[in-house]
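Undergrad: Sharing start17.pdb here; it has PDB, C-alpha atoms, pLDDT in the B column.
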ATOM      1  CA  MET E1372     -15.042 -18.201  22.053  1.00 91.00           C
ATOM      2  CA  GLN E1373     -17.993 -17.341  19.831  1.00 91.00           C
ATOM      3  CA  PHE E1374     -18.184 -13.872  21.401  1.00 95.00           C
ATOM      4  CA  TYR E1375     -14.596 -13.054  20.389  1.00 96.00           C
ATOM      5  CA  ILE E1376     -15.171 -14.284  16.850  1.00 96.00           C
ATOM      6  CA  ASN E1377     -18.277 -12.116  16.548  1.00 96.00           C
ATOM      7  CA  VAL E1378     -16.346  -9.082  17.817  1.00 97.00           C
ATOM      8  CA  ALA E1379     -13.546  -9.833  15.333  1.00 97.00           C
ATOM      9  CA  GLN E1380     -16.088  -9.984  12.497  1.00 97.00           C
ATOM     10  CA  ILE E1381     -17.569  -6.640  13.486  1.00 97.00           C
ATOM     11  CA  VAL E1382     -14.153  -4.970  13.772  1.00 97.00           C
ATOM     12  CA  LEU E1383     -13.012  -6.398  10.419  1.00 97.00           C
ATOM     13  CA  SER E1384     -16.255  -5.324   8.750  1.00 97.00           C
ATOM     14  CA  VAL E1385     -15.970  -1.746  10.001  1.00 97.00           C
ATOM     15  CA  ALA E1386     -12.295  -1.592   8.985  1.00 97.00           C
ATOM     16  CA  LEU E1387     -13.157  -2.929   5.522  1.00 96.00           C
ATOM     17  CA  ILE E1388     -15.892  -0.340   5.061  1.00 95.00           C
ATOM     18  CA  LEU E1389     -13.536   2.466   6.093  1.00 94.00           C
ATOM     19  CA  VAL E1390     -10.760   1.284   3.758  1.00 94.00           C
ATOM     20  CA  LEU E1391     -13.210   0.992   0.862  1.00 92.00           C
ATOM     21  CA  LEU E1392     -14.476   4.514   1.471  1.00 92.00           C
ATOM     22  CA  LEU E1393     -10.909   5.863   1.487  1.00 89.00           C
ATOM     23  CA  GLN E1394     -10.082   4.472  -1.930  1.00 86.00           C
ATOM     24  CA  VAL E1395     -10.132   6.781  -4.938  1.00 71.00           C
ATOM     25  CA  ARG E1396     -12.665   6.079  -7.635  1.00 67.00           C
ATOM     26  CA  GLY E1397     -11.080   5.477 -11.020  1.00 55.00           C
ATOM     27  CA  GLY E1398     -13.739   6.555 -13.500  1.00 51.00           C
ATOM     28  CA  GLY E1399     -14.393  10.180 -12.742  1.00 52.00           C
ATOM     29  CA  LEU E1400     -16.778  12.235 -14.864  1.00 52.00           C
ATOM     30  CA  GLY E1401     -14.948  11.601 -18.130  1.00 52.00           C
ATOM     31  CA  GLY E1402     -17.160   8.649 -19.072  1.00 52.00           C
ATOM     32  CA  ILE E1403     -20.309  10.752 -18.815  1.00 56.00           C
ATOM     33  CA  PHE E1404     -19.163  13.131 -21.545  1.00 61.00           C
ATOM     34  CA  GLY E1405     -17.791  10.486 -23.883  1.00 59.00           C
ATOM     35  CA  GLN E1406     -14.117  10.731 -23.091  1.00 59.00           C
ATOM     36  CA  PRO E1407     -12.266   7.445 -23.522  1.00 58.00           C
ATOM     37  CA  ASP E1408     -11.331   5.632 -20.334  1.00 56.00           C
ATOM     38  CA  SER E1409      -8.528   3.633 -21.933  1.00 60.00           C
ATOM     39  CA  VAL E1410      -5.640   5.246 -20.072  1.00 64.00           C
ATOM     40  CA  TYR E1411      -3.630   2.612 -18.216  1.00 67.00           C
ATOM     41  CA  ARG E1412      -2.745   3.717 -14.733  1.00 71.00           C
ATOM     42  CA  THR E1413      -0.835   1.790 -12.094  1.00 77.00           C
ATOM     43  CA  LYS E1414      -1.472   2.004  -8.385  1.00 76.00           C
ATOM     44  CA  ARG E1415       1.335   3.674  -6.462  1.00 83.00           C
ATOM     45  CA  GLY E1416       2.063   4.706  -2.912  1.00 86.00           C
ATOM     46  CA  VAL E1417      -0.890   5.005  -0.580  1.00 86.00           C
ATOM     47  CA  GLU E1418      -3.350   3.830  -3.226  1.00 88.00           C
ATOM     48  CA  LYS E1419      -1.441   0.562  -3.660  1.00 90.00           C
ATOM     49  CA  THR E1420      -1.164   0.079   0.107  1.00 90.00           C
ATOM     50  CA  LEU E1421      -4.912   0.628   0.566  1.00 92.00           C
ATOM     51  CA  PHE E1422      -5.636  -1.839  -2.236  1.00 92.00           C
ATOM     52  CA  GLN E1423      -3.433  -4.520  -0.677  1.00 94.00           C
ATOM     53  CA  PHE E1424      -4.867  -3.824   2.785  1.00 95.00           C
ATOM     54  CA  THR E1425      -8.375  -4.224   1.355  1.00 95.00           C
ATOM     55  CA  ILE E1426      -7.478  -7.644  -0.030  1.00 96.00           C
ATOM     56  CA  ALA E1427      -5.968  -8.687   3.302  1.00 97.00           C
ATOM     57  CA  LEU E1428      -9.070  -7.545   5.206  1.00 97.00           C
ATOM     58  CA  VAL E1429     -11.376  -9.448   2.857  1.00 97.00           C
ATOM     59  CA  VAL E1430      -9.326 -12.634   3.233  1.00 98.00           C
ATOM     60  CA  LEU E1431      -9.308 -12.296   7.030  1.00 97.00           C
ATOM     61  CA  LEU E1432     -13.038 -11.631   7.116  1.00 97.00           C
ATOM     62  CA  VAL E1433     -13.759 -14.717   5.003  1.00 97.00           C
ATOM     63  CA  ILE E1434     -11.525 -16.891   7.195  1.00 97.00           C
ATOM     64  CA  ILE E1435     -13.099 -15.598  10.428  1.00 97.00           C
ATOM     65  CA  SER E1436     -16.578 -16.106   8.947  1.00 96.00           C
ATOM     66  CA  ILE E1437     -15.796 -19.709   8.013  1.00 96.00           C
ATOM     67  CA  ILE E1438     -14.443 -20.353  11.515  1.00 95.00           C
ATOM     68  CA  ALA E1439     -17.592 -18.829  13.034  1.00 95.00           C
ATOM     69  CA  LEU E1440     -19.715 -21.039  10.795  1.00 95.00           C
ATOM     70  CA  ARG E1441     -17.831 -24.170  11.871  1.00 94.00           C
ATOM     71  CA  LEU E1442     -18.019 -23.338  15.588  1.00 91.00           C
ATOM     72  CA  GLY E1443     -21.626 -22.211  15.576  1.00 77.00           C
TER      73      GLY E1443
END
Kindly return the structure encoded in the file as structure tokens.
TA:
Amino acid sequence: MQFYINVAQIVLSVALILVLLLQVRGGGLGGIFGQPDSVYRTKRGVEKTLFQFTIALVVLLVIISIIALRLG
């Protein structure tokens, strides 16, 4: 059982890293040159889906980690 939990942790960790790398950074170079970063922007489409998927992966990873801690 512990083997499958460890594999699940590894798979979730790799998926989380990939999803985080796919996300668009919000700041850009505007802050370097003094441009205000006060523009409100909502997440739409793929960006919103990636954001929600990131949250789901983090929650799953925490739950699997707690289960692994309890079983180990």
Undergrad: I'd like to know which of E:Ile1435, E:Leu1440, E:Val1390, E:Val1378 is closest to Phe1422 (chain E), using all atoms listed in the file.
TA: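 Ranking E:Ile1435, E:Leu1440, E:Val1390, E:Val1378 by distance to Phe1422 (chain E), first place goes to E:Val1390.
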Undergrad: For the file shown, report as a list in words the outcome of the PyMOL selection byres ((chain E and resi 1439) around 12) at residue level.
TA: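 Applied to this file, the PyMOL selection byres ((chain E and resi 1439) around 12) returns Met1372, Gln1373, Phe1374, Tyr1375, Ile1376, Asn1377, Val1378, Ala1379, Gln1380, Leu1432, Val1433, Ile1434, Ile1435, Ser1436, Ile1437, Ile1438, Leu1440, Arg1441, Leu1442 and Gly1443 of chain E.
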Undergrad: Translate the PyMOL selection byres ((chain E and resi 1391) around 12) into a concrete residue list for this structure, as a list in words.
TA: Ser1384, Val1385, Ala1386, Leu1387, Ile1388, Leu1389, Val1390, Leu1392, Leu1393, Gln1394, Val1395, Arg1396, Glu1418, Leu1421, Phe1422, Gln1423, Phe1424, Thr1425, Ile1426, Leu1428 and Val1429 of chain E
Undergrad: Box for region 1417-1431 of chain E - axis-aligned, 3 Å on each of the six sides, all listed atoms - centre and size in Å to one decimal, as AutoDock Vina command-line options.
TA:
--center_x -6.1 --center_y -3.8 --center_z 1.7 --size_x 16.5 --size_y 23.6 --size_z 16.7
